[in-house]
>>> print(open('my_file_36.txt').read())   # compact mmCIF, C-alpha atoms and all ligand atoms
# COMPACT_ATOMS: atom_id res chain seq x y z
CA MET A 1 7.96 -26.80 18.21
CA PRO A 2 4.36 -27.53 17.18
CA LEU A 3 1.83 -24.95 18.18
CA ASP A 4 0.13 -25.47 21.54
CA PRO A 5 -3.30 -23.80 21.28
CA TYR A 6 -3.78 -23.96 25.06
CA THR A 7 -0.68 -21.82 25.65
CA VAL A 8 -1.74 -19.46 22.84
CA ARG A 9 -5.23 -19.08 24.37
CA GLU A 10 -3.74 -17.54 27.52
CA ASP A 11 -2.98 -14.46 25.42
CA PHE A 12 -6.61 -13.99 24.32
CA PRO A 13 -8.79 -12.75 27.22
CA ILE A 14 -12.01 -12.95 25.18
CA LEU A 15 -11.64 -16.74 24.89
CA LYS A 16 -12.33 -17.01 28.63
CA ARG A 17 -15.81 -15.58 28.11
CA VAL A 18 -18.93 -17.53 28.80
CA VAL A 19 -21.62 -16.98 26.13
CA ASN A 20 -25.17 -18.26 26.55
CA GLY A 21 -23.99 -20.18 29.60
CA LYS A 22 -21.28 -22.00 27.64
CA SER A 23 -17.55 -21.47 27.10
CA LEU A 24 -17.06 -19.36 24.01
CA VAL A 25 -16.01 -21.31 20.92
CA TYR A 26 -14.95 -18.85 18.24
CA PHE A 27 -15.15 -20.42 14.77
CA ASN A 28 -15.66 -17.21 12.75
CA ASN A 29 -12.04 -16.36 12.06
CA ALA A 30 -12.40 -15.87 8.32
CA ALA A 31 -14.67 -12.92 9.16
CA THR A 32 -12.41 -11.44 11.82
CA THR A 33 -10.00 -12.79 14.43
CA GLN A 34 -9.61 -12.18 18.14
CA LYS A 35 -6.78 -9.99 19.47
CA PRO A 36 -4.01 -11.05 21.85
CA VAL A 37 -3.02 -8.88 24.83
CA GLN A 38 0.24 -8.09 23.02
CA VAL A 39 -1.68 -6.23 20.29
CA VAL A 40 -3.96 -4.42 22.72
CA GLU A 41 -0.99 -3.47 24.93
CA ALA A 42 0.99 -2.10 21.95
CA ILE A 43 -1.94 0.17 21.08
CA LYS A 44 -2.38 1.19 24.70
CA ASP A 45 1.32 1.97 25.03
CA TYR A 46 1.12 4.12 21.89
CA TYR A 47 -1.81 6.12 23.25
CA TYR A 48 -0.45 6.41 26.79
CA ASN A 49 3.07 7.41 25.78
CA TYR A 50 3.52 8.45 22.16
CA ASN A 51 0.25 9.66 20.63
CA SER A 52 0.99 12.39 18.08
CA ASP A 53 0.82 13.17 14.39
CA VAL A 54 3.44 11.39 12.27
CA LEU A 55 5.72 12.45 9.39
CA ARG A 56 4.86 16.15 9.87
CA SER A 57 5.81 17.98 13.06
CA VAL A 58 9.29 18.61 14.44
CA ASN A 59 8.59 18.01 18.13
CA THR A 60 9.85 15.15 20.30
CA LEU A 61 6.53 13.34 20.63
CA SER A 62 5.89 13.48 16.91
CA SER A 63 9.36 12.24 16.07
CA GLN A 64 9.01 9.31 18.54
CA ALA A 65 5.58 8.44 17.09
CA THR A 66 7.06 8.67 13.58
CA ASP A 67 9.90 6.30 14.57
CA LEU A 68 7.39 3.78 15.91
CA TYR A 69 5.24 4.16 12.80
CA MET A 70 8.15 3.68 10.41
CA GLU A 71 9.49 0.69 12.35
CA ALA A 72 6.00 -0.85 12.20
CA ARG A 73 5.88 -0.23 8.43
CA ARG A 74 9.21 -2.05 7.97
CA LYS A 75 7.99 -5.00 10.03
CA ILE A 76 4.69 -5.31 8.15
CA ALA A 77 6.38 -5.03 4.73
CA GLY A 78 9.02 -7.57 5.81
CA PHE A 79 6.28 -10.00 6.85
CA ILE A 80 5.36 -10.50 3.17
CA GLY A 81 8.87 -9.94 1.78
CA ALA A 82 8.04 -6.50 0.39
CA GLY A 83 10.11 -3.32 0.36
CA GLU A 84 8.82 -0.74 2.84
CA ASP A 85 8.06 1.63 -0.05
CA GLU A 86 5.92 -1.02 -1.79
CA ILE A 87 3.11 -1.21 0.77
CA VAL A 88 0.28 1.27 1.07
CA PHE A 89 -1.83 1.29 4.22
CA THR A 90 -5.54 0.98 3.59
CA ARG A 91 -8.59 0.34 5.78
CA ASN A 92 -8.92 -3.30 4.70
CA THR A 93 -8.71 -5.74 1.77
CA THR A 94 -11.82 -4.24 0.19
CA GLU A 95 -10.30 -0.77 0.06
CA GLY A 96 -7.01 -2.18 -1.28
CA LEU A 97 -8.71 -4.03 -4.13
CA ASN A 98 -10.86 -1.02 -5.02
CA MET A 99 -7.77 1.20 -4.99
CA VAL A 100 -5.78 -1.09 -7.26
CA ALA A 101 -8.70 -1.45 -9.70
CA GLU A 102 -9.04 2.34 -9.90
CA ALA A 103 -5.29 2.85 -10.16
CA LEU A 104 -5.03 0.38 -13.04
CA SER A 105 -8.13 1.63 -14.85
CA GLY A 106 -5.84 3.56 -17.20
CA ARG A 107 -4.82 0.21 -18.71
CA ILE A 108 -8.41 -0.71 -19.52
CA GLY A 109 -9.81 0.60 -22.80
CA ARG A 110 -12.53 -0.40 -25.27
CA GLY A 111 -12.44 -4.19 -25.64
CA SER A 112 -9.73 -4.74 -22.96
CA LEU A 113 -10.03 -7.99 -21.09
CA VAL A 114 -9.96 -8.50 -17.32
CA VAL A 115 -10.08 -12.12 -16.15
CA THR A 116 -11.34 -13.14 -12.73
CA SER A 117 -12.96 -16.24 -11.21
CA ILE A 118 -16.30 -17.50 -9.92
CA MET A 119 -14.63 -17.98 -6.52
CA GLU A 120 -14.18 -14.29 -5.76
CA HIS A 121 -15.35 -12.39 -2.72
CA HIS A 122 -17.55 -9.47 -3.85
CA SER A 123 -14.67 -7.12 -3.12
CA ASN A 124 -12.65 -8.65 -5.95
CA LEU A 125 -15.51 -8.80 -8.43
CA LEU A 126 -17.52 -5.59 -8.17
CA PRO A 127 -14.65 -3.07 -8.53
CA TRP A 128 -13.42 -4.76 -11.74
CA ARG A 129 -16.93 -5.08 -13.14
CA ARG A 130 -17.47 -1.36 -12.64
CA ILE A 131 -14.17 -0.45 -14.31
CA VAL A 132 -14.76 -2.59 -17.41
CA ALA A 133 -18.34 -1.25 -17.69
CA ARG A 134 -17.06 2.34 -17.50
CA LYS A 135 -14.25 1.78 -20.00
CA GLY A 136 -16.06 -0.50 -22.47
CA GLY A 137 -13.84 -3.46 -21.55
CA ARG A 138 -14.79 -7.09 -20.98
CA LEU A 139 -14.78 -9.24 -17.85
CA THR A 140 -14.36 -13.00 -18.15
CA VAL A 141 -15.27 -15.03 -15.07
CA VAL A 142 -13.56 -18.44 -15.17
CA GLY A 143 -15.02 -21.44 -13.37
CA MET A 144 -13.63 -24.14 -11.08
CA ASN A 145 -12.29 -27.65 -11.55
CA ARG A 146 -13.87 -30.67 -9.90
CA ASP A 147 -11.44 -30.20 -6.98
CA PHE A 148 -12.83 -26.68 -6.40
CA THR A 149 -9.70 -24.84 -7.51
CA ILE A 150 -9.65 -22.37 -10.36
CA ASP A 151 -9.93 -23.86 -13.85
CA MET A 152 -6.40 -23.31 -15.17
CA ASP A 153 -7.25 -24.38 -18.72
CA MET A 154 -9.95 -21.76 -18.90
CA VAL A 155 -7.57 -19.18 -17.42
CA GLU A 156 -4.99 -19.99 -20.09
CA LYS A 157 -7.56 -19.83 -22.90
CA SER A 158 -8.78 -16.44 -21.65
CA LEU A 159 -5.22 -15.13 -21.37
CA GLU A 160 -4.46 -16.24 -24.91
CA GLU A 161 -7.17 -13.81 -26.09
CA GLY A 162 -4.91 -11.00 -24.85
CA CYS A 163 -5.67 -9.90 -21.33
CA GLU A 164 -4.71 -6.82 -19.30
CA ILE A 165 -5.38 -8.07 -15.79
CA LEU A 166 -5.83 -11.47 -14.18
CA THR A 167 -7.19 -11.23 -10.65
CA THR A 168 -8.06 -14.06 -8.27
CA LEU A 169 -8.17 -14.90 -4.61
CA HIS A 170 -5.53 -17.10 -3.00
CA VAL A 171 -7.68 -18.98 -0.47
CA SER A 172 -11.45 -19.18 -0.93
CA ASN A 173 -13.37 -17.76 2.03
CA VAL A 174 -16.19 -20.19 1.19
CA LEU A 175 -14.46 -23.42 0.16
CA GLY A 176 -11.13 -23.11 1.92
CA THR A 177 -9.40 -24.27 -1.27
CA VAL A 178 -5.98 -22.88 -2.11
CA ASN A 179 -5.42 -21.64 -5.65
CA PRO A 180 -2.07 -22.31 -7.38
CA VAL A 181 -0.99 -18.69 -7.20
CA LYS A 182 2.60 -19.15 -8.38
CA GLU A 183 1.35 -20.85 -11.53
CA LEU A 184 -1.31 -18.19 -12.04
CA SER A 185 1.27 -15.46 -11.64
CA LYS A 186 3.66 -17.09 -14.13
CA LEU A 187 0.87 -17.69 -16.62
CA ALA A 188 -0.32 -14.08 -16.41
CA HIS A 189 3.19 -12.73 -16.90
CA LYS A 190 3.86 -15.10 -19.80
CA HIS A 191 0.89 -13.47 -21.54
CA GLY A 192 1.97 -9.91 -20.68
CA CYS A 193 -0.86 -9.54 -18.19
CA LEU A 194 -0.81 -8.17 -14.62
CA PHE A 195 -1.61 -10.54 -11.74
CA ILE A 196 -3.60 -9.06 -8.84
CA LEU A 197 -4.13 -11.26 -5.80
CA ASP A 198 -6.69 -11.13 -3.00
CA ALA A 199 -4.69 -12.56 -0.11
CA ALA A 200 -7.24 -11.85 2.66
CA GLN A 201 -7.47 -15.51 3.68
CA SER A 202 -3.87 -16.58 3.02
CA VAL A 203 -1.47 -14.00 4.52
CA PRO A 204 -2.89 -14.55 8.05
CA HIS A 205 -2.69 -18.35 7.85
CA MET A 206 0.32 -19.56 5.86
CA PRO A 207 3.80 -18.47 4.81
CA PHE A 208 3.45 -15.89 2.05
CA ASN A 209 6.18 -13.96 0.27
CA VAL A 210 5.69 -11.58 -2.66
CA LYS A 211 9.14 -12.55 -4.00
CA ASP A 212 7.94 -16.10 -4.25
CA VAL A 213 4.43 -15.54 -5.63
CA GLU A 214 5.33 -12.41 -7.63
CA PRO A 215 1.93 -10.73 -7.76
CA ASP A 216 1.83 -7.25 -9.26
CA ALA A 217 -0.44 -6.24 -6.39
CA THR A 218 -1.95 -7.99 -3.40
CA ALA A 219 -4.25 -6.94 -0.56
CA PHE A 220 -5.01 -8.20 2.95
CA SER A 221 -6.65 -7.02 6.19
CA GLY A 222 -5.12 -6.52 9.64
CA HIS A 223 -8.25 -7.59 11.51
CA LYS A 224 -8.12 -11.07 9.97
CA MET A 225 -4.61 -11.64 11.39
CA LEU A 226 -4.93 -10.65 15.07
CA GLY A 227 -4.55 -6.95 14.30
CA PRO A 228 -7.04 -4.13 14.85
CA THR A 229 -9.89 -3.25 12.50
CA GLY A 230 -9.48 -0.32 10.13
CA ILE A 231 -6.00 -1.21 8.93
CA GLY A 232 -5.15 -3.13 5.78
CA VAL A 233 -2.22 -3.47 3.42
CA LEU A 234 -2.02 -3.05 -0.32
CA TYR A 235 1.26 -4.26 -1.81
CA VAL A 236 2.03 -2.95 -5.28
CA LYS A 237 5.18 -3.71 -7.24
CA ARG A 238 7.46 -0.65 -7.15
CA SER A 239 7.51 -0.09 -10.94
CA ILE A 240 3.69 0.04 -11.04
CA LEU A 241 3.35 2.16 -7.92
CA GLU A 242 5.71 4.71 -9.48
CA GLU A 243 3.51 4.98 -12.55
CA VAL A 244 -0.09 5.16 -11.24
CA GLU A 245 -2.05 8.20 -10.01
CA PRO A 246 -2.96 8.57 -6.35
CA MET A 247 -6.69 8.31 -5.67
CA LEU A 248 -6.85 10.74 -2.74
CA LEU A 249 -5.16 14.12 -2.80
CA GLY A 250 -4.44 16.37 0.18
CA GLY A 251 -2.09 16.66 3.14
CA GLY A 252 0.89 14.36 3.63
CA MET A 253 1.11 13.23 0.00
CA VAL A 254 2.78 16.26 -1.61
CA LYS A 255 6.29 17.72 -1.46
CA THR A 256 5.28 21.21 -2.63
CA VAL A 257 2.12 22.96 -3.68
CA THR A 258 1.66 26.29 -5.48
CA LEU A 259 -1.64 27.79 -6.59
CA GLU A 260 -1.06 26.28 -10.03
CA THR A 261 0.59 22.91 -9.43
CA GLN A 262 1.94 20.31 -6.99
CA VAL A 263 4.76 17.79 -6.73
CA TYR A 264 3.73 14.48 -5.19
CA GLU A 265 5.63 12.80 -2.37
CA ASP A 266 7.73 9.71 -3.10
CA ILE A 267 6.05 6.29 -3.01
CA PRO A 268 4.35 5.02 -0.89
CA PHE A 269 3.43 8.28 0.89
CA ARG A 270 1.80 9.82 -2.16
CA PHE A 271 -0.86 7.10 -1.78
CA GLU A 272 -1.50 7.82 1.90
CA ALA A 273 -3.18 11.22 1.93
CA GLY A 274 -4.35 12.57 5.29
CA THR A 275 -3.45 11.60 8.85
CA PRO A 276 -2.80 7.87 8.86
CA ASN A 277 -4.18 5.19 11.20
CA VAL A 278 -1.10 5.17 13.44
CA GLU A 279 -2.64 2.98 16.15
CA GLY A 280 -3.74 0.50 13.48
CA VAL A 281 -0.26 0.26 11.99
CA ILE A 282 1.33 -0.17 15.44
CA GLY A 283 -1.27 -2.78 16.42
CA LEU A 284 -0.76 -4.66 13.16
CA ALA A 285 3.03 -4.69 13.67
CA ALA A 286 2.46 -6.26 17.12
CA ALA A 287 0.20 -8.86 15.45
CA VAL A 288 2.94 -9.59 12.90
CA ASP A 289 5.46 -10.08 15.76
CA TYR A 290 3.04 -12.48 17.41
CA LEU A 291 2.41 -14.51 14.25
CA ARG A 292 6.13 -14.67 13.48
CA LYS A 293 6.89 -15.94 16.98
CA ILE A 294 4.38 -18.78 16.58
CA GLY A 295 5.43 -19.45 12.96
CA LEU A 296 3.15 -19.43 9.93
CA GLU A 297 4.06 -23.04 9.05
CA ASN A 298 2.92 -24.10 12.51
CA ILE A 299 -0.34 -22.19 12.15
CA ALA A 300 -1.08 -23.81 8.76
CA GLU A 301 -0.28 -27.26 10.17
CA HIS A 302 -2.47 -26.71 13.22
CA GLU A 303 -5.44 -25.55 11.13
CA SER A 304 -5.00 -28.55 8.86
CA LYS A 305 -5.30 -30.90 11.89
CA LEU A 306 -8.47 -29.10 12.96
CA VAL A 307 -10.04 -29.41 9.51
CA LYS A 308 -9.15 -33.11 9.35
CA HIS A 309 -10.81 -33.67 12.73
CA LEU A 310 -13.82 -31.59 11.66
CA LEU A 311 -14.30 -33.54 8.42
CA GLU A 312 -13.87 -36.92 10.10
CA GLY A 313 -16.64 -36.21 12.59
CA LEU A 314 -19.26 -34.95 10.16
CA ASP A 315 -22.13 -37.28 9.37
CA ARG A 316 -22.50 -36.91 5.60
CA SER A 317 -26.01 -38.35 5.59
CA PHE A 318 -27.04 -35.24 7.47
CA VAL A 319 -24.44 -32.66 6.47
CA GLU A 320 -23.52 -31.52 2.96
CA VAL A 321 -19.94 -30.24 2.69
CA TYR A 322 -19.05 -27.70 0.00
CA GLY A 323 -15.58 -28.04 -1.38
CA PRO A 324 -13.15 -30.95 -1.35
CA GLY A 325 -13.80 -33.80 1.04
CA GLU A 326 -10.08 -34.21 1.80
CA ALA A 327 -8.57 -32.24 4.66
CA ASP A 328 -5.23 -31.75 2.89
CA LYS A 329 -6.98 -29.76 0.16
CA HIS A 330 -8.38 -27.25 2.67
CA ALA A 331 -7.03 -24.26 4.47
CA GLY A 332 -8.77 -23.81 7.84
CA ILE A 333 -12.18 -23.01 6.32
CA LEU A 334 -15.14 -25.32 5.72
CA SER A 335 -18.64 -24.50 4.50
CA PHE A 336 -21.56 -26.87 4.87
CA ASN A 337 -25.31 -27.15 5.10
CA VAL A 338 -27.35 -29.33 7.40
CA LYS A 339 -29.87 -30.98 5.12
CA GLY A 340 -33.33 -29.45 5.53
CA VAL A 341 -32.18 -26.71 7.95
CA HIS A 342 -31.50 -23.13 6.95
CA PRO A 343 -27.87 -22.15 7.73
CA HIS A 344 -29.04 -19.21 9.85
CA ASP A 345 -30.97 -21.68 12.01
CA VAL A 346 -27.88 -23.88 12.22
CA ALA A 347 -25.85 -20.85 13.32
CA GLN A 348 -28.44 -19.99 15.98
CA PHE A 349 -28.54 -23.53 17.29
CA LEU A 350 -24.75 -23.59 17.60
CA ASP A 351 -24.82 -20.12 19.14
CA ALA A 352 -27.03 -21.41 21.95
CA ASP A 353 -24.12 -23.80 22.69
CA GLY A 354 -21.64 -20.89 22.72
CA ILE A 355 -20.28 -21.72 19.24
CA MET A 356 -19.91 -18.74 16.91
CA ILE A 357 -19.96 -19.48 13.19
CA ARG A 358 -20.92 -17.47 10.09
CA SER A 359 -23.86 -18.21 7.80
CA GLY A 360 -25.21 -16.62 4.63
CA ALA A 361 -23.79 -16.01 1.17
CA LEU A 362 -20.41 -15.05 2.73
CA CYS A 363 -20.00 -12.03 0.40
CA ALA A 364 -19.47 -14.50 -2.43
CA GLU A 365 -23.00 -14.89 -3.76
CA PRO A 366 -22.11 -16.02 -7.30
CA LEU A 367 -19.95 -18.81 -5.87
CA VAL A 368 -22.53 -19.92 -3.30
CA ASN A 369 -25.18 -19.96 -6.05
CA ALA A 370 -22.84 -21.95 -8.32
CA LEU A 371 -22.59 -24.51 -5.51
CA GLY A 372 -26.36 -24.90 -5.76
CA ALA A 373 -27.12 -23.04 -2.52
CA SER A 374 -28.40 -19.61 -1.59
CA ALA A 375 -26.63 -19.65 1.76
CA VAL A 376 -24.18 -21.86 3.68
CA ALA A 377 -22.84 -22.27 7.20
CA ARG A 378 -19.10 -21.78 7.67
CA VAL A 379 -16.56 -22.84 10.26
CA SER A 380 -13.19 -21.08 10.08
CA PHE A 381 -10.25 -21.76 12.38
CA TYR A 382 -7.24 -19.96 13.76
CA LEU A 383 -4.27 -20.69 15.96
CA TYR A 384 -6.22 -20.66 19.26
CA ASN A 385 -8.84 -23.23 18.27
CA THR A 386 -8.61 -26.75 19.70
CA LEU A 387 -9.62 -30.30 18.78
CA GLU A 388 -11.81 -30.26 21.89
CA GLU A 389 -13.75 -27.31 20.47
CA VAL A 390 -14.28 -29.28 17.25
CA ASP A 391 -15.69 -32.12 19.39
CA MET A 392 -18.08 -29.65 21.01
CA PHE A 393 -19.20 -28.56 17.54
CA HIS A 394 -19.82 -32.18 16.48
CA GLU A 395 -21.76 -32.80 19.68
CA SER A 396 -23.91 -29.74 19.08
CA LEU A 397 -24.71 -30.90 15.51
CA ARG A 398 -25.60 -34.37 16.83
CA ARG A 399 -28.06 -32.84 19.29
CA MET A 400 -29.53 -30.78 16.47
CA ARG A 401 -30.11 -33.95 14.48
CA MET A 402 -31.84 -35.64 17.40
CA LEU A 403 -34.22 -32.70 17.73
CA MET A 404 -35.14 -32.74 14.03
C1 LIG B 1 -11.31 -13.64 0.25
C2 LIG B 1 -11.71 -12.35 0.86
N1 LIG B 1 -11.48 -11.21 0.19
C3 LIG B 1 -11.80 -10.01 0.69
C4 LIG B 1 -12.39 -9.89 1.91
C5 LIG B 1 -12.74 -8.53 2.42
O1 LIG B 1 -12.05 -8.26 3.59
P1 LIG B 1 -12.40 -6.93 4.41
O2 LIG B 1 -13.83 -7.06 4.83
O3 LIG B 1 -11.46 -6.96 5.56
O4 LIG B 1 -12.18 -5.80 3.48
C6 LIG B 1 -12.68 -11.04 2.65
C7 LIG B 1 -13.35 -10.94 3.95
O5 LIG B 1 -14.09 -11.78 4.36
C8 LIG B 1 -12.30 -12.29 2.11
O6 LIG B 1 -12.55 -13.42 2.78
>>> encode(input="my_file_36.txt", output="structure tokens", more="lines below")
Ligand SMILES: Cc1ncc(COP(=O)(O)O)c(C=O)c1O
Amino acid sequence: MPLDPYTVREDFPILKRVVNGKSLVYFNNAATTQKPVQVVEAIKDYYYNYNSDVLRSVNTLSSQATDLYMEARRKIAGFIGAGEDEIVFTRNTTEGLNMVAEALSGRIGRGSLVVTSIMEHHSNLLPWRRIVARKGGRLTVVGMNRDFTIDMDMVEKSLEEGCEILTTLHVSNVLGTVNPVKELSKLAHKHGCLFILDAAQSVPHMPFNVKDVEPDATAFSGHKMLGPTGIGVLYVKRSILEEVEPMLLGGGMVKTVTLETQVYEDIPFRFEAGTPNVEGVIGLAAAVDYLRKIGLENIAEHESKLVKHLLEGLDRSFVEVYGPGEADKHAGILSFNVKGVHPHDVAQFLDADGIMIRSGALCAEPLVNALGASAVARVSFYLYNTLEEVDMFHESLRRMRMLM
């Protein structure tokens, strides 16, 4: 059954809001998504009926909360085909990528090579740059092809130099292009290199399975996939997770402690020091249930229709599109500039029509600069957006043009 956005919208109370006298059109989903009642209710139910510490106390409430927490962990791990001991809960993608960079810093020595791309979000560039600077390693930043995907030839050449870590994003939060992650993963492994993937913009929007892509680690955020803020997932292959040092030490991550020494908990708990974000995990599991019910294939297909409609209605004499012109080369993200108008002004004009978009350097300043801009405007879709909303967007841009 194809996705019906009008049925989906019934589950999202915020979409009934009127903003600036207009029906809310929410086109800022790459930043964060709205939450369905099912997610909010799951969190409410947890707080009203089960709130307790988890994995510690031997009382009824705590053991019920622990059961809910562990069931949620299984669901979330299963969503990406991971074992439940291979995911570590984080605050978000940023924390996951920083954690994995720190955890793997032991592999970086004088002259070691880390390869990344010009397309990265700052959260997958800055942590690696700091590690190589600290350890005397090198960072190679590969460019893009004409179709705005990562330059595979340059990746291969860099890997041939002998590389420790290749790290890229899956879907660009600026261009909406989808990198060939299976090929990248194979290439990295062929050269004895680890493959770390930023999946912030792919896991929420398309089928994704770690057994298929085979990254050594990958990170994503709950709030970008209908879940609450403050919860993210870092997947790390079991053999690597077993070998790296936990970043945070304290309660919940040790089996025994004496005044001289300690024995760490098994994976993944040794990486989750302190009281965890139980409500976040339970909310994210409800989001995963919701996404599964709709079907990730259906979501990807729906977003593709929206992008096609968006591209078809844009007047290119007035609007410059960044990234491929063809809808089938885009996930549900499109960045543009209105010629002669600053993107913040474009965002404010649309805002007056109730249309929420993002503008700026999108936390990917090197990429935006490489596109010849200092800032862009971005539309990003999700399962509740409609073709009618895209028409409203086109209409708003047309009015903007008339006023110029
Ligand atoms: C590709 C990409 N990576 C990482 C992030 C960081 O996500 P978060 O802010 O949830 O840590 C984002 C968020 O916009 C993103 O689009």
>>> residues_around(input="my_file_36.txt", residues="range 70-84 of chain A", least_positions_apart="6", cutoff="7 Å", atoms="all atoms listed in the file", output="list in words")
Phe208, Asn209, Val210, Lys211, Val281, Ile282, Ala285 and Val288 of chain A
>>> closest_residue(input="my_file_36.txt", among="A:Val346, A:Leu126, A:Ile108, A:Ala30", to="Val319 in chain A", atoms="all atoms listed in the file")
A:Val346
>>> residues_around(input="my_file_36.txt", residues="Phe269 in chain A", least_positions_apart="4", cutoff="8 Å", atoms="only C-alpha atoms", output="PyMOL selection string")
chain A and resi 88+252-253+265+273
>>> closest_residue(input="my_file_36.txt", among="A:Gly295, A:Pro228, A:Gly192, A:Pro276", to="Met206 in chain A", atoms="all atoms listed in the file")
A:Gly295
>>> axis_aligned_box(input="my_file_36.txt", around="ligand LIG 1 (chain B)", padding_each_side="6 Å", output="AutoDock Vina command-line options")
--center_x -12.7 --center_y -9.7 --center_z 2.9 --size_x 14.8 --size_y 19.8 --size_z 17.4
>>> closest_residue(input="my_file_36.txt", among="A:Ala188, A:Ala370, A:Leu306, A:Ile231", to="Tyr322 in chain A", atoms="only C-alpha atoms")
A:Ala370
>>> closest_atom_pairs(input="my_file_36.txt", of="chain A", to="ligand LIG 1 (chain B)", cutoff="10 Å", atoms="all atoms listed in the file", output="tab-separated table")
residue	atom	partner	partner_atom	distance
A:Asn29	CA	B:LIG1	O5	9.2
A:Ala30	CA	B:LIG1	O5	5.9
A:Ala31	CA	B:LIG1	O5	5.0
A:Thr32	CA	B:LIG1	O5	7.7
A:Thr90	CA	B:LIG1	O4	9.5
A:Arg91	CA	B:LIG1	O4	7.5
A:Asn92	CA	B:LIG1	O4	4.3
A:Thr93	CA	B:LIG1	O4	3.9
A:Thr94	CA	B:LIG1	O4	3.7
A:Glu95	CA	B:LIG1	O4	6.4
A:Gly96	CA	B:LIG1	O4	7.9
A:Leu97	CA	B:LIG1	C3	8.3
A:Asn98	CA	B:LIG1	O4	9.8
A:Met119	CA	B:LIG1	C1	8.7
A:Glu120	CA	B:LIG1	C1	6.7
A:His121	CA	B:LIG1	N1	5.0
A:His122	CA	B:LIG1	C3	7.3
A:Ser123	CA	B:LIG1	C3	5.6
A:Asn124	CA	B:LIG1	N1	6.8
A:Leu125	CA	B:LIG1	N1	9.8
A:Thr168	CA	B:LIG1	C1	9.1
A:Leu169	CA	B:LIG1	C1	5.9
A:His170	CA	B:LIG1	C1	7.5
A:Val171	CA	B:LIG1	C1	6.5
A:Ser172	CA	B:LIG1	C1	5.7
A:Asn173	CA	B:LIG1	O6	4.5
A:Val174	CA	B:LIG1	O6	7.8
A:Gly176	CA	B:LIG1	C1	9.6
A:Leu197	CA	B:LIG1	N1	9.5
A:Asp198	CA	B:LIG1	N1	5.8
A:Ala199	CA	B:LIG1	C1	6.7
A:Ala200	CA	B:LIG1	C2	4.8
A:Gln201	CA	B:LIG1	C1	5.5
A:Ser202	CA	B:LIG1	C1	8.5
A:Ala219	CA	B:LIG1	C3	8.2
A:Phe220	CA	B:LIG1	O3	7.1
A:Ser221	CA	B:LIG1	O3	4.9
A:Gly222	CA	B:LIG1	O3	7.6
A:His223	CA	B:LIG1	O3	6.8
A:Lys224	CA	B:LIG1	O3	6.9
A:Thr229	CA	B:LIG1	O3	8.0
A:Gly230	CA	B:LIG1	O3	8.3
A:Ile231	CA	B:LIG1	O3	8.6
A:Gly232	CA	B:LIG1	O3	7.4
A:Leu362	CA	B:LIG1	O5	7.3
A:Cys363	CA	B:LIG1	O5	7.1
A:Ala364	CA	B:LIG1	C1	8.6
>>> atom_distance(input="my_file_36.txt", atom1="CA of Val257 in chain A", atom2="CA of Leu241 in chain A")
21.3 Å
>>> closest_atom_pairs(input="my_file_36.txt", of="range 190-294 of chain A", to="range 371-394 of chain A", cutoff="10 Å", atoms="all atoms listed in the file", output="CSV")
residue,atom,partner,partner_atom,distance
A:Pro204,CA,A:Tyr382,CA,9.0
A:His205,CA,A:Tyr382,CA,7.6
A:Lys224,CA,A:Tyr382,CA,9.7
A:Met225,CA,A:Tyr382,CA,9.0
A:Leu226,CA,A:Tyr382,CA,9.7
A:Leu291,CA,A:Leu383,CA,9.3
A:Ile294,CA,A:Leu383,CA,8.9
>>> residues_around(input="my_file_36.txt", residues="range 51-56 of chain A", least_positions_apart="6", cutoff="12 Å", atoms="all atoms listed in the file", output="count of residues only")
30
>>> atom_distance(input="my_file_36.txt", atom1="CA of Gly354 in chain A", atom2="CA of Val18 in chain A")
7.5 Å
>>> closest_residue(input="my_file_36.txt", among="A:Arg238, A:Lys22, A:Arg316, A:Lys135", to="Arg110 in chain A", atoms="all atoms listed in the file")
A:Lys135
>>> residues_near_point(input="my_file_36.txt", point="(-9.6, -1.3, -25.4)", cutoff="12 Å", atoms="all atoms listed in the file", output="JSON, numbers by chain")
{"A": [105, 106, 107, 108, 109, 110, 111, 112, 113, 114, 132, 133, 134, 135, 136, 137, 138, 162, 163, 164]}
>>> closest_residue(input="my_file_36.txt", among="A:Pro180, A:Gly143, A:Pro343, A:Pro2", to="Ala300 in chain A", atoms="only C-alpha atoms")
A:Pro2
>>> residues_near_point(input="my_file_36.txt", point="(2.2, -13.7, -5.6)", cutoff="7 Å", atoms="all atoms listed in the file", output="number ranges by chain")
A: 181-182, 185, 197, 210, 212-215
>>> atom_distance(input="my_file_36.txt", atom1="CA of Glu160 in chain A", atom2="CA of His191 in chain A")
6.9 Å
>>> residues_around(input="my_file_36.txt", residues="Met356 in chain A", least_positions_apart="4", cutoff="9 Å", atoms="only C-alpha atoms", output="list in words")
Leu24, Val25, Tyr26, Phe27, Asn28, Ala347, Gln348, Leu350, Asp351 and Val379 of chain A
>>> closest_residue(input="my_file_36.txt", among="A:Ala103, A:Val368, A:Met1, A:Leu175", to="His302 in chain A", atoms="only C-alpha atoms")
A:Met1
>>> residues_around(input="my_file_36.txt", residues="Leu166 in chain A", least_positions_apart="3", cutoff="6 Å", atoms="all atoms listed in the file", output="PyMOL selection string")
chain A and resi 114-116+195
